[in-house]
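Here is the file upload_16.txt (compact mmCIF, C-alpha atoms).
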```txt
# COMPACT_ATOMS: atom_id res chain seq x y z
CA MET L 1 -54.59 69.25 80.65
CA THR L 2 -50.92 70.15 80.76
CA ALA L 3 -49.99 66.51 81.35
CA PHE L 4 -51.25 65.59 77.92
CA ALA L 5 -49.14 68.29 76.31
CA SER L 6 -45.90 67.46 78.14
CA PRO L 7 -42.69 67.24 76.09
CA ARG L 8 -42.41 63.54 76.92
CA ALA L 9 -45.91 62.82 75.61
CA SER L 10 -45.20 64.85 72.48
CA ALA L 11 -42.01 62.87 71.92
CA HIS L 12 -43.95 59.62 72.17
CA VAL L 13 -46.47 60.84 69.60
CA ARG L 14 -43.69 61.92 67.25
CA GLY L 15 -42.18 58.46 67.66
CA PHE L 16 -45.31 56.96 66.12
CA PHE L 17 -45.89 59.58 63.41
CA GLN L 18 -42.54 60.01 61.69
CA THR L 19 -43.67 59.84 58.05
CA PRO L 20 -46.86 60.82 56.19
CA LEU L 21 -47.70 57.11 55.77
CA ASP L 22 -48.00 56.77 59.55
CA TRP L 23 -51.24 58.74 59.47
CA LEU L 24 -52.81 55.81 57.63
CA VAL L 25 -53.04 54.18 61.07
CA LEU L 26 -56.37 56.03 61.33
CA ALA L 27 -57.64 53.35 58.93
CA VAL L 28 -57.19 50.68 61.64
CA PRO L 29 -60.25 51.55 63.78
CA VAL L 30 -62.24 52.17 60.59
CA ALA L 31 -61.37 48.65 59.40
CA PHE L 32 -62.57 47.17 62.70
CA ALA L 33 -65.80 49.14 62.42
CA ILE L 34 -66.45 47.97 58.86
CA ARG L 35 -65.73 44.38 59.89
CA PHE L 36 -67.86 44.22 63.02
CA VAL L 37 -70.65 46.80 62.49
CA PRO L 38 -73.31 45.02 60.35
CA ALA L 39 -74.64 48.25 58.83
CA TRP L 40 -71.15 49.10 57.52
CA ASN L 41 -70.41 45.70 56.03
CA ASN L 42 -68.71 46.20 52.63
CA ALA L 43 -66.11 43.71 51.46
CA SER L 44 -64.51 45.94 48.83
CA LEU L 45 -64.21 48.86 51.25
CA LEU L 46 -62.83 46.56 53.95
CA PHE L 47 -60.20 45.27 51.53
CA VAL L 48 -59.01 48.80 50.77
CA VAL L 49 -59.14 50.10 54.35
CA ALA L 50 -57.49 47.03 55.89
CA GLY L 51 -54.70 47.23 53.31
CA ALA L 52 -54.19 50.91 54.11
CA GLY L 53 -54.06 50.14 57.84
CA ILE L 54 -51.38 47.47 57.45
CA ILE L 55 -48.96 49.92 55.78
CA PRO L 56 -48.14 52.07 58.86
CA LEU L 57 -48.24 49.04 61.17
CA ALA L 58 -45.57 47.34 59.07
CA GLY L 59 -43.47 50.49 59.44
CA TRP L 60 -43.96 50.51 63.22
CA LEU L 61 -42.99 46.85 63.39
CA GLY L 62 -39.77 47.58 61.52
CA ARG L 63 -39.09 50.63 63.71
CA ALA L 64 -39.61 48.60 66.89
CA THR L 65 -37.22 45.93 65.60
CA GLU L 66 -34.57 48.59 64.95
CA GLN L 67 -34.96 49.95 68.49
CA ILE L 68 -34.63 46.47 69.98
CA ALA L 69 -31.57 45.93 67.80
CA ALA L 70 -30.04 49.16 69.14
CA HIS L 71 -30.41 47.80 72.68
CA THR L 72 -29.27 44.23 72.03
CA GLY L 73 -26.21 44.88 69.86
CA ALA L 74 -25.21 44.20 66.26
CA GLY L 75 -25.36 40.39 66.31
CA ILE L 76 -28.81 39.86 67.82
CA GLY L 77 -30.03 43.09 66.24
CA GLY L 78 -29.07 41.95 62.76
CA PHE L 79 -30.80 38.63 63.35
CA LEU L 80 -33.97 40.39 64.51
CA ASN L 81 -33.95 42.67 61.48
CA ALA L 82 -33.48 39.67 59.20
CA THR L 83 -36.27 37.75 60.94
CA PHE L 84 -38.86 40.52 61.23
CA GLY L 85 -37.93 42.40 58.05
CA ASN L 86 -40.78 40.79 56.12
CA ALA L 87 -43.06 39.93 59.02
CA ALA L 88 -46.04 41.77 57.52
CA GLU L 89 -45.80 39.87 54.23
CA LEU L 90 -45.41 36.59 56.11
CA ILE L 91 -48.47 37.21 58.28
CA ILE L 92 -50.63 38.18 55.28
CA ALA L 93 -49.45 35.11 53.36
CA LEU L 94 -50.13 32.80 56.32
CA MET L 95 -53.68 34.14 56.58
CA ALA L 96 -54.23 33.61 52.85
CA LEU L 97 -52.71 30.14 53.06
CA SER L 98 -55.02 29.18 55.92
CA LYS L 99 -58.00 30.08 53.70
CA GLY L 100 -56.70 28.09 50.73
CA LEU L 101 -55.80 31.11 48.58
CA THR L 102 -52.65 29.46 47.23
CA THR L 103 -52.67 31.51 44.04
CA VAL L 104 -52.61 34.75 46.02
CA VAL L 105 -49.82 33.43 48.27
CA LYS L 106 -47.56 32.43 45.37
CA ALA L 107 -48.33 35.64 43.50
CA SER L 108 -47.47 37.71 46.59
CA LEU L 109 -44.05 36.01 46.72
CA THR L 110 -43.47 36.96 43.09
CA GLY L 111 -44.74 40.48 43.72
CA SER L 112 -42.50 41.01 46.74
CA ILE L 113 -39.40 39.94 44.81
CA ILE L 114 -40.03 42.02 41.70
CA GLY L 115 -41.40 44.91 43.77
CA ASN L 116 -38.25 45.17 45.86
CA LEU L 117 -35.84 44.75 42.95
CA LEU L 118 -37.66 47.03 40.51
CA LEU L 119 -39.99 49.38 42.38
CA VAL L 120 -38.03 49.95 45.61
CA LEU L 121 -34.59 50.04 43.99
CA GLY L 122 -35.92 52.05 41.06
CA ALA L 123 -37.66 54.65 43.22
CA SER L 124 -34.57 54.94 45.43
CA ALA L 125 -32.18 55.38 42.49
CA PHE L 126 -34.52 57.91 40.86
CA ALA L 127 -35.13 59.98 44.02
CA GLY L 128 -31.50 59.91 45.10
CA GLY L 129 -30.29 60.57 41.57
CA LEU L 130 -32.31 63.78 41.34
CA ARG L 131 -30.38 65.13 44.33
CA PHE L 132 -26.97 63.56 43.65
CA SER L 133 -25.65 63.07 40.10
CA HIS L 134 -23.98 59.77 41.02
CA GLN L 135 -24.53 57.62 44.10
CA ARG L 136 -22.05 54.91 45.01
CA PHE L 137 -22.37 51.73 47.04
CA ASN L 138 -20.35 48.63 47.91
CA LYS L 139 -20.45 46.60 44.70
CA THR L 140 -18.90 43.55 46.37
CA ALA L 141 -21.80 43.28 48.82
CA ALA L 142 -24.23 43.99 45.97
CA ARG L 143 -22.68 41.19 43.90
CA VAL L 144 -22.86 38.72 46.80
CA SER L 145 -26.52 39.53 47.44
CA ALA L 146 -27.38 39.38 43.73
CA THR L 147 -25.69 35.98 43.39
CA ALA L 148 -27.64 34.65 46.38
CA MET L 149 -30.81 36.09 44.88
CA SER L 150 -30.11 34.29 41.59
CA MET L 151 -29.71 31.01 43.47
CA GLY L 152 -33.01 31.56 45.26
CA ALA L 153 -34.79 32.33 41.98
CA ALA L 154 -33.30 29.22 40.37
CA ALA L 155 -34.67 27.13 43.22
CA LEU L 156 -38.13 28.63 42.68
CA ILE L 157 -37.96 27.93 38.93
CA ILE L 158 -36.99 24.26 39.28
CA PRO L 159 -40.44 22.92 40.36
CA THR L 160 -42.00 24.50 37.26
CA VAL L 161 -39.29 22.97 35.06
CA PHE L 162 -39.95 19.62 36.72
CA HIS L 163 -43.68 19.90 36.05
CA VAL L 164 -43.24 20.80 32.37
CA THR L 165 -40.59 18.12 31.78
CA ALA L 166 -42.32 15.32 33.68
CA ASN L 167 -45.68 16.20 32.18
CA ALA L 168 -44.27 15.41 28.72
CA ARG L 169 -43.56 11.84 29.77
CA PRO L 170 -46.38 9.32 30.31
CA GLY L 171 -46.86 8.79 34.02
CA GLY L 172 -43.92 11.03 34.83
CA TRP L 173 -45.75 13.73 36.78
CA SER L 174 -47.60 13.39 40.05
CA ALA L 175 -48.80 15.92 42.58
CA ALA L 176 -47.18 13.98 45.43
CA ALA L 177 -43.78 14.01 43.71
CA GLU L 178 -44.02 17.75 43.07
CA GLN L 179 -44.90 18.43 46.69
CA LYS L 180 -41.95 16.34 47.91
CA LEU L 181 -39.66 18.16 45.48
CA SER L 182 -40.93 21.53 46.72
CA LEU L 183 -40.50 20.51 50.37
CA ALA L 184 -36.92 19.37 49.73
CA ILE L 185 -36.13 22.65 47.96
CA ALA L 186 -37.70 24.60 50.83
CA VAL L 187 -35.34 22.86 53.27
CA VAL L 188 -32.33 23.76 51.09
CA LEU L 189 -33.50 27.38 50.82
CA PHE L 190 -33.87 27.66 54.59
CA LEU L 191 -30.41 26.19 55.23
CA THR L 192 -28.97 28.62 52.66
CA TYR L 193 -30.70 31.45 54.50
CA VAL L 194 -29.01 30.40 57.73
CA ALA L 195 -25.65 30.37 55.93
CA THR L 196 -26.39 33.82 54.46
CA LEU L 197 -27.12 35.18 57.94
CA LEU L 198 -23.85 33.75 59.21
CA PHE L 199 -21.99 35.36 56.31
CA SER L 200 -23.59 38.81 56.59
CA LEU L 201 -23.83 39.04 60.37
CA LYS L 202 -20.69 37.23 61.48
CA THR L 203 -17.86 36.28 59.12
CA HIS L 204 -18.14 39.09 56.52
CA LYS L 205 -20.34 41.69 58.19
CA ALA L 206 -17.97 44.52 57.21
CA LEU L 207 -19.07 44.11 53.59
CA PHE L 208 -22.64 45.01 54.50
CA VAL L 209 -21.91 48.23 56.37
CA GLY L 210 -21.60 51.11 53.92
CA GLN L 211 -19.49 54.13 54.74
CA SER L 212 -22.62 56.27 55.12
CA GLU L 213 -24.03 53.85 57.72
CA ALA L 214 -20.82 53.38 59.69
CA GLU L 215 -21.99 55.60 62.54
CA LYS L 216 -23.72 53.93 65.46
CA HIS L 217 -27.35 54.71 66.16
CA GLU L 218 -28.38 55.17 69.77
CA PRO L 219 -31.82 53.88 70.84
CA THR L 220 -34.46 56.60 71.10
CA SER L 221 -36.90 54.59 73.24
CA SER L 222 -36.72 52.06 76.04
CA LEU L 223 -36.44 48.34 75.37
CA ALA L 224 -39.79 47.69 77.09
CA ARG L 225 -41.54 50.27 74.90
CA ALA L 226 -39.97 48.82 71.75
CA VAL L 227 -41.08 45.29 72.69
CA MET L 228 -44.58 46.58 73.46
CA LEU L 229 -44.75 48.33 70.08
CA LEU L 230 -43.52 45.18 68.35
CA GLY L 231 -46.22 43.06 70.00
CA MET L 232 -49.00 45.59 69.37
CA ALA L 233 -48.06 46.03 65.70
CA THR L 234 -47.85 42.26 65.16
CA ILE L 235 -51.28 41.63 66.73
CA LEU L 236 -52.97 44.40 64.76
CA ILE L 237 -51.32 43.25 61.52
CA ALA L 238 -52.66 39.74 62.19
CA PHE L 239 -56.22 41.08 62.62
CA LEU L 240 -56.06 43.35 59.58
CA SER L 241 -54.49 40.58 57.50
CA GLU L 242 -57.46 38.37 58.35
CA PHE L 243 -59.80 41.20 57.28
CA LEU L 244 -57.82 41.76 54.07
CA VAL L 245 -57.65 38.10 53.10
CA GLY L 246 -61.28 37.45 54.05
CA SER L 247 -62.45 40.17 51.68
CA ILE L 248 -60.14 39.36 48.75
CA GLU L 249 -62.61 37.24 46.79
CA ALA L 250 -65.54 39.65 47.03
CA ALA L 251 -63.33 42.69 46.47
CA ARG L 252 -61.48 41.36 43.43
CA GLN L 253 -64.70 40.30 41.76
CA SER L 254 -66.32 43.69 42.31
CA LEU L 255 -63.15 45.48 41.16
CA GLY L 256 -62.61 43.13 38.20
CA LEU L 257 -59.17 41.92 39.33
CA THR L 258 -57.61 38.47 39.16
CA GLN L 259 -56.10 36.64 42.13
CA THR L 260 -52.69 36.84 40.48
CA PHE L 261 -52.85 40.64 40.07
CA VAL L 262 -54.06 41.06 43.65
CA GLY L 263 -51.15 38.96 44.91
CA VAL L 264 -48.40 40.29 42.64
CA ILE L 265 -49.29 43.98 42.88
CA VAL L 266 -51.79 44.84 45.63
CA VAL L 267 -50.79 42.50 48.48
CA ALA L 268 -47.08 42.93 47.74
CA LEU L 269 -47.39 46.74 47.78
CA VAL L 270 -49.27 46.69 51.09
CA GLY L 271 -46.69 44.47 52.76
CA ASN L 272 -43.68 46.37 51.41
CA ALA L 273 -44.86 50.00 51.53
CA ALA L 274 -43.00 50.84 54.75
CA GLU L 275 -39.75 49.43 53.36
CA HIS L 276 -40.28 51.38 50.13
CA THR L 277 -40.45 54.62 52.09
CA THR L 278 -37.37 53.81 54.18
CA ALA L 279 -35.30 52.96 51.12
CA VAL L 280 -36.27 56.16 49.29
CA TRP L 281 -35.52 58.34 52.32
CA ALA L 282 -32.13 56.65 52.66
CA ALA L 283 -31.33 57.39 49.00
CA LEU L 284 -32.31 61.04 49.47
CA LYS L 285 -29.69 61.17 52.26
CA ASN L 286 -27.09 59.68 49.88
CA LYS L 287 -27.17 56.35 51.72
CA MET L 288 -27.50 54.17 48.64
CA ASP L 289 -25.80 51.26 50.42
CA LEU L 290 -28.74 51.16 52.80
CA SER L 291 -31.31 51.48 49.99
CA LEU L 292 -29.70 48.64 48.06
CA ASN L 293 -29.51 46.51 51.19
CA ILE L 294 -33.23 47.05 51.85
CA ALA L 295 -34.25 46.25 48.27
CA VAL L 296 -32.03 43.24 47.58
CA GLY L 297 -31.97 42.01 51.18
CA SER L 298 -35.76 41.99 51.40
CA SER L 299 -36.06 40.06 48.13
CA LEU L 300 -33.47 37.60 49.37
CA GLN L 301 -35.39 37.12 52.59
CA ILE L 302 -38.60 36.46 50.66
CA ALA L 303 -36.90 33.77 48.54
CA LEU L 304 -34.81 32.11 51.24
CA PHE L 305 -36.88 32.58 54.41
CA VAL L 306 -40.52 33.51 53.80
CA THR L 307 -41.01 30.99 50.96
CA PRO L 308 -39.78 27.91 52.88
CA MET L 309 -41.68 29.05 56.00
CA LEU L 310 -44.89 29.12 53.97
CA VAL L 311 -44.19 25.66 52.54
CA PHE L 312 -43.62 24.30 56.05
CA ALA L 313 -46.73 26.07 57.39
CA SER L 314 -48.88 24.70 54.56
CA TYR L 315 -48.49 21.21 56.01
CA ALA L 316 -49.71 22.48 59.39
CA PHE L 317 -52.81 23.83 57.62
CA SER L 318 -53.25 20.46 55.84
CA ARG L 319 -52.91 22.31 52.53
CA PRO L 320 -49.47 21.27 51.23
CA MET L 321 -48.19 24.01 48.92
CA ASP L 322 -45.81 23.33 46.06
CA LEU L 323 -43.47 25.86 44.49
CA GLU L 324 -44.72 25.70 40.92
CA PHE L 325 -45.23 29.21 39.57
CA SER L 326 -46.88 30.30 36.34
CA LEU L 327 -44.68 31.13 33.34
CA PRO L 328 -45.33 34.92 33.59
CA GLU L 329 -44.30 34.86 37.26
CA ILE L 330 -41.11 32.93 36.48
CA VAL L 331 -40.20 35.32 33.67
CA ALA L 332 -40.97 38.36 35.85
CA MET L 333 -38.66 37.16 38.64
CA ALA L 334 -35.86 36.22 36.25
CA VAL L 335 -36.02 39.56 34.41
CA ALA L 336 -36.14 41.56 37.67
CA ILE L 337 -33.07 39.78 39.06
CA TRP L 338 -31.13 40.11 35.81
CA ILE L 339 -31.84 43.84 35.46
CA ALA L 340 -31.03 44.52 39.12
CA GLN L 341 -27.71 42.70 38.67
CA GLN L 342 -26.86 44.76 35.60
CA ILE L 343 -27.60 48.06 37.29
CA SER L 344 -25.92 47.29 40.63
CA GLY L 345 -22.83 45.61 39.15
CA ASP L 346 -20.81 48.82 38.68
CA GLY L 347 -21.25 50.08 42.23
CA GLU L 348 -23.05 53.31 41.32
CA SER L 349 -26.49 54.52 40.26
CA ASN L 350 -28.20 57.56 38.74
CA TRP L 351 -31.74 58.82 38.17
CA LEU L 352 -32.02 57.34 34.65
CA GLU L 353 -31.33 53.84 35.95
CA GLY L 354 -34.13 54.44 38.45
CA VAL L 355 -36.50 55.36 35.62
CA GLN L 356 -35.52 52.21 33.73
CA LEU L 357 -36.23 49.99 36.74
CA LEU L 358 -39.58 51.70 37.36
CA SER L 359 -40.52 51.34 33.69
CA VAL L 360 -39.96 47.59 33.77
CA TYR L 361 -42.08 47.33 36.94
CA VAL L 362 -44.96 49.27 35.34
CA ILE L 363 -44.76 47.04 32.25
CA MET L 364 -44.99 43.95 34.46
CA ALA L 365 -47.92 45.44 36.38
CA ILE L 366 -49.73 46.00 33.07
CA LEU L 367 -48.97 42.39 32.08
CA PHE L 368 -50.47 40.96 35.27
CA PHE L 369 -53.50 43.28 35.04
CA PHE L 370 -54.46 41.96 31.60
CA LEU L 371 -53.34 38.37 32.26
CA PRO L 372 -56.35 35.99 32.46
CA GLU L 373 -56.98 34.27 35.77
CA THR L 374 -54.40 31.60 36.50
CA VAL L 375 -55.04 29.00 39.19
CA HIS L 376 -51.98 27.31 40.62
CA PRO L 377 -52.25 23.57 41.26
CA ASN L 378 -52.90 22.63 44.85
CA PRO L 379 -54.19 19.06 45.23
CA ALA L 380 -55.03 19.63 48.88
CA ASP L 381 -57.64 22.19 47.89
CA SER L 382 -59.16 20.36 44.94
CA PRO L 383 -60.19 16.77 44.16
CA THR L 384 -58.81 17.21 40.65
CA GLN L 385 -55.41 15.55 40.27
CA GLY L 386 -52.83 15.23 37.53
CA PRO L 387 -51.33 17.41 34.82
CA ALA L 388 -54.65 18.62 33.53
CA ALA L 389 -55.23 20.41 36.83
CA SER L 390 -52.02 22.41 36.64
CA GLN L 391 -53.55 25.59 35.25
CA THR L 392 -57.10 26.57 34.46
CA THR L 393 -58.43 29.67 32.82
CA PRO L 394 -62.16 30.37 33.13
```

Render the structure in this file as structure tokens.
Amino acid sequence: MTAFASPRASAHVRGFFQTPLDWLVLAVPVAFAIRFVPAWNNASLLFVVAGAGIIPLAGWLGRATEQIAAHTGAGIGGFLNATFGNAAELIIALMALSKGLTTVVKASLTGSIIGNLLLVLGASAFAGGLRFSHQRFNKTAARVSATAMSMGAAALIIPTVFHVTANARPGGWSAAAEQKLSLAIAVVLFLTYVATLLFSLKTHKALFVGQSEAEKHEPTSSLARAVMLLGMATILIAFLSEFLVGSIEAARQSLGLTQTFVGVIVVALVGNAAEHTTAVWAALKNKMDLSLNIAVGSSLQIALFVTPMLVFASYAFSRPMDLEFSLPEIVAMAVAIWIAQQISGDGESNWLEGVQLLSVYVIMAILFFFLPETVHPNPADSPTQGPAASQTTP
């Protein structure tokens, strides 16, 4: 009996349950029960419970990555953080892509970008601003990240511009040409991501270490335990992502939601919830550099790393995915990036700027809630070809 209450065991438990969101891990066994017990089968409930279960697991995955980084040093550690920073979103998107839910995948990319730039940054600025009248951060690093984010957004807009322009010319548009264009852009985005890693982790890494984060953090667990936690969290996220994606259609129909809203708001919130919490806690400790790095860095990773990975993976699934987004999604990304640039350009933030960012996010959420169903073109999933298949509204 005393062995179970030892200080070491208690420390291990505290390592798992560090925030209130960690208690949502209790949803994991419930999700498995709903999925595999016939009498409990309920798609809508499974969708909600699986989504809730992914939230703490994503946090554990990030925590394990940080512990491994503390053991391996700044160089490898930074690479691991950059690689696994959006692992939950990538796994969910891969599961959706394998089932042909291209609309959800593209919408989740949009949702992750605007969610990080508006919701995460806004909540951080608001929470931190209530405690500190003005919070400052490295505006040079913020400007570099914002510029890279603008480039990534421009690359995501180009396929839609191509579609609209070529569609106006007889015989100018073809699904094959758009897929080749998207694949070429994905390659450029990935190479830019590699260059960004080199810049932030090697040649100019001092720009990305704020004064409040200058102290070194010692590992609080062994390397073996961190690797084990990383593997366990990844495997469970994969299972729950399959449950989540498998129940999307039934759940959204029963809840009256569109695929676009589910992707932009619901899936993006589930994948990013752990990062949201980390960024807000950092702002409350007056570490706005860290909050900004989480918000902008995560959006940058979605645009430059997750997006090309999904395009490459789509060919493995024999469902080639292009990068044409709907007009509302394009506008949402452009507005989010522009507003984030305006607010972060002066190197300081306050609670009112947080409210403004959150207000824009809520407005966009309302837009996507009332927006009629939009189906992105994906010739691999449908026999319909040509411009007429670009968008359908039932």

Among listed residues L:Val161, L:Val267, L:Leu229, L:Leu197, nearest Ile55 (chain L) (using all atoms listed in the file):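 Closest to Ile55 (chain L), using all atoms listed in the file: L:Val267.
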
Atom-to-atom span, CA of Gly263 (chain L) and CA of Ala336 (chain L), Å: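 Going from CA of Gly263 (chain L) over to CA of Ala336 (chain L) covers 16.9 Å.
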
Using all atoms listed in the file: which of L:Ala58, L:Ala316, L:Met232, L:Val362 has the shortest distance to Asn86 (chain L):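 When distances to Asn86 (chain L) are compared using all atoms listed in the file, the smallest one comes from L:Ala58.
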
Point-to-point distance from CA of Leu130 (chain L) to CA of Leu290 (chain L), Å rounded to tenths: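 Separating CA of Leu130 (chain L) from CA of Leu290 (chain L) is a distance of 17.4 Å.
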
Pick from L:Ile366, L:Ala176, L:Ile294, L:Leu284, whichever lies nearest to Gly129 (chain L) using only C-alpha atoms: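 Result for the nearest residue to Gly129 (chain L): L:Leu284.
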
Residue nearest Val120 (chain L) - candidates L:Ser222, L:Ser150, L:Ser291, L:Ser326, atoms counted: only C-alpha atoms: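 The shortest atom-to-atom distance to Val120 (chain L) comes from L:Ser291.
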
Separation of CA of Glu275 (chain L) from CA of Thr19 (chain L), in Å and rounded to one decimal: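 Spanning CA of Glu275 (chain L) to CA of Thr19 (chain L) is a straight-line distance of 12.1 Å.
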
Residue neighbourhood Ala250 (chain L), 12 Å, only C-alpha atoms, exclusion window fewer than 5 positions, as a ChimeraX atom specification: /L:41-48,243-245,255-259

Residue nearest Gln341 (chain L) - candidates L:Ala93, L:Val296, L:Ala177, L:Val30, atoms counted: only C-alpha atoms: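 The shortest atom-to-atom distance to Gln341 (chain L) comes from L:Val296.
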
Counting all atoms listed in the file, the residue of L:Leu352, L:Leu367, L:Leu292, L:Ala313 that sits nearest Leu97 (chain L):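 Among L:Leu352, L:Leu367, L:Leu292, L:Ala313, it is L:Ala313 that comes nearest to Leu97 (chain L).
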
Near-Leu21 (chain L) list (8 Å; all atoms listed in the file; drop same-chain fewer than 3 positions) as a VMD selection string: chain L and resid 24 55 to 56 274

Ala334 (chain L) surroundings by only C-alpha atoms, 12 Å radius, close-in-sequence under 5 positions cut, as a list of chain:residue names: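 Surrounding residues, per the criterion: L:Thr110, L:Ile113, L:Ile114, L:Leu117, L:Leu118, L:Ala146, L:Met149, L:Ser150, L:Met151, L:Gly152, L:Ala153, L:Ala154, L:Ala155, L:Leu156, L:Ile157, L:Leu327, L:Pro328, L:Glu329, L:Ile339, L:Ala340, L:Gln341.
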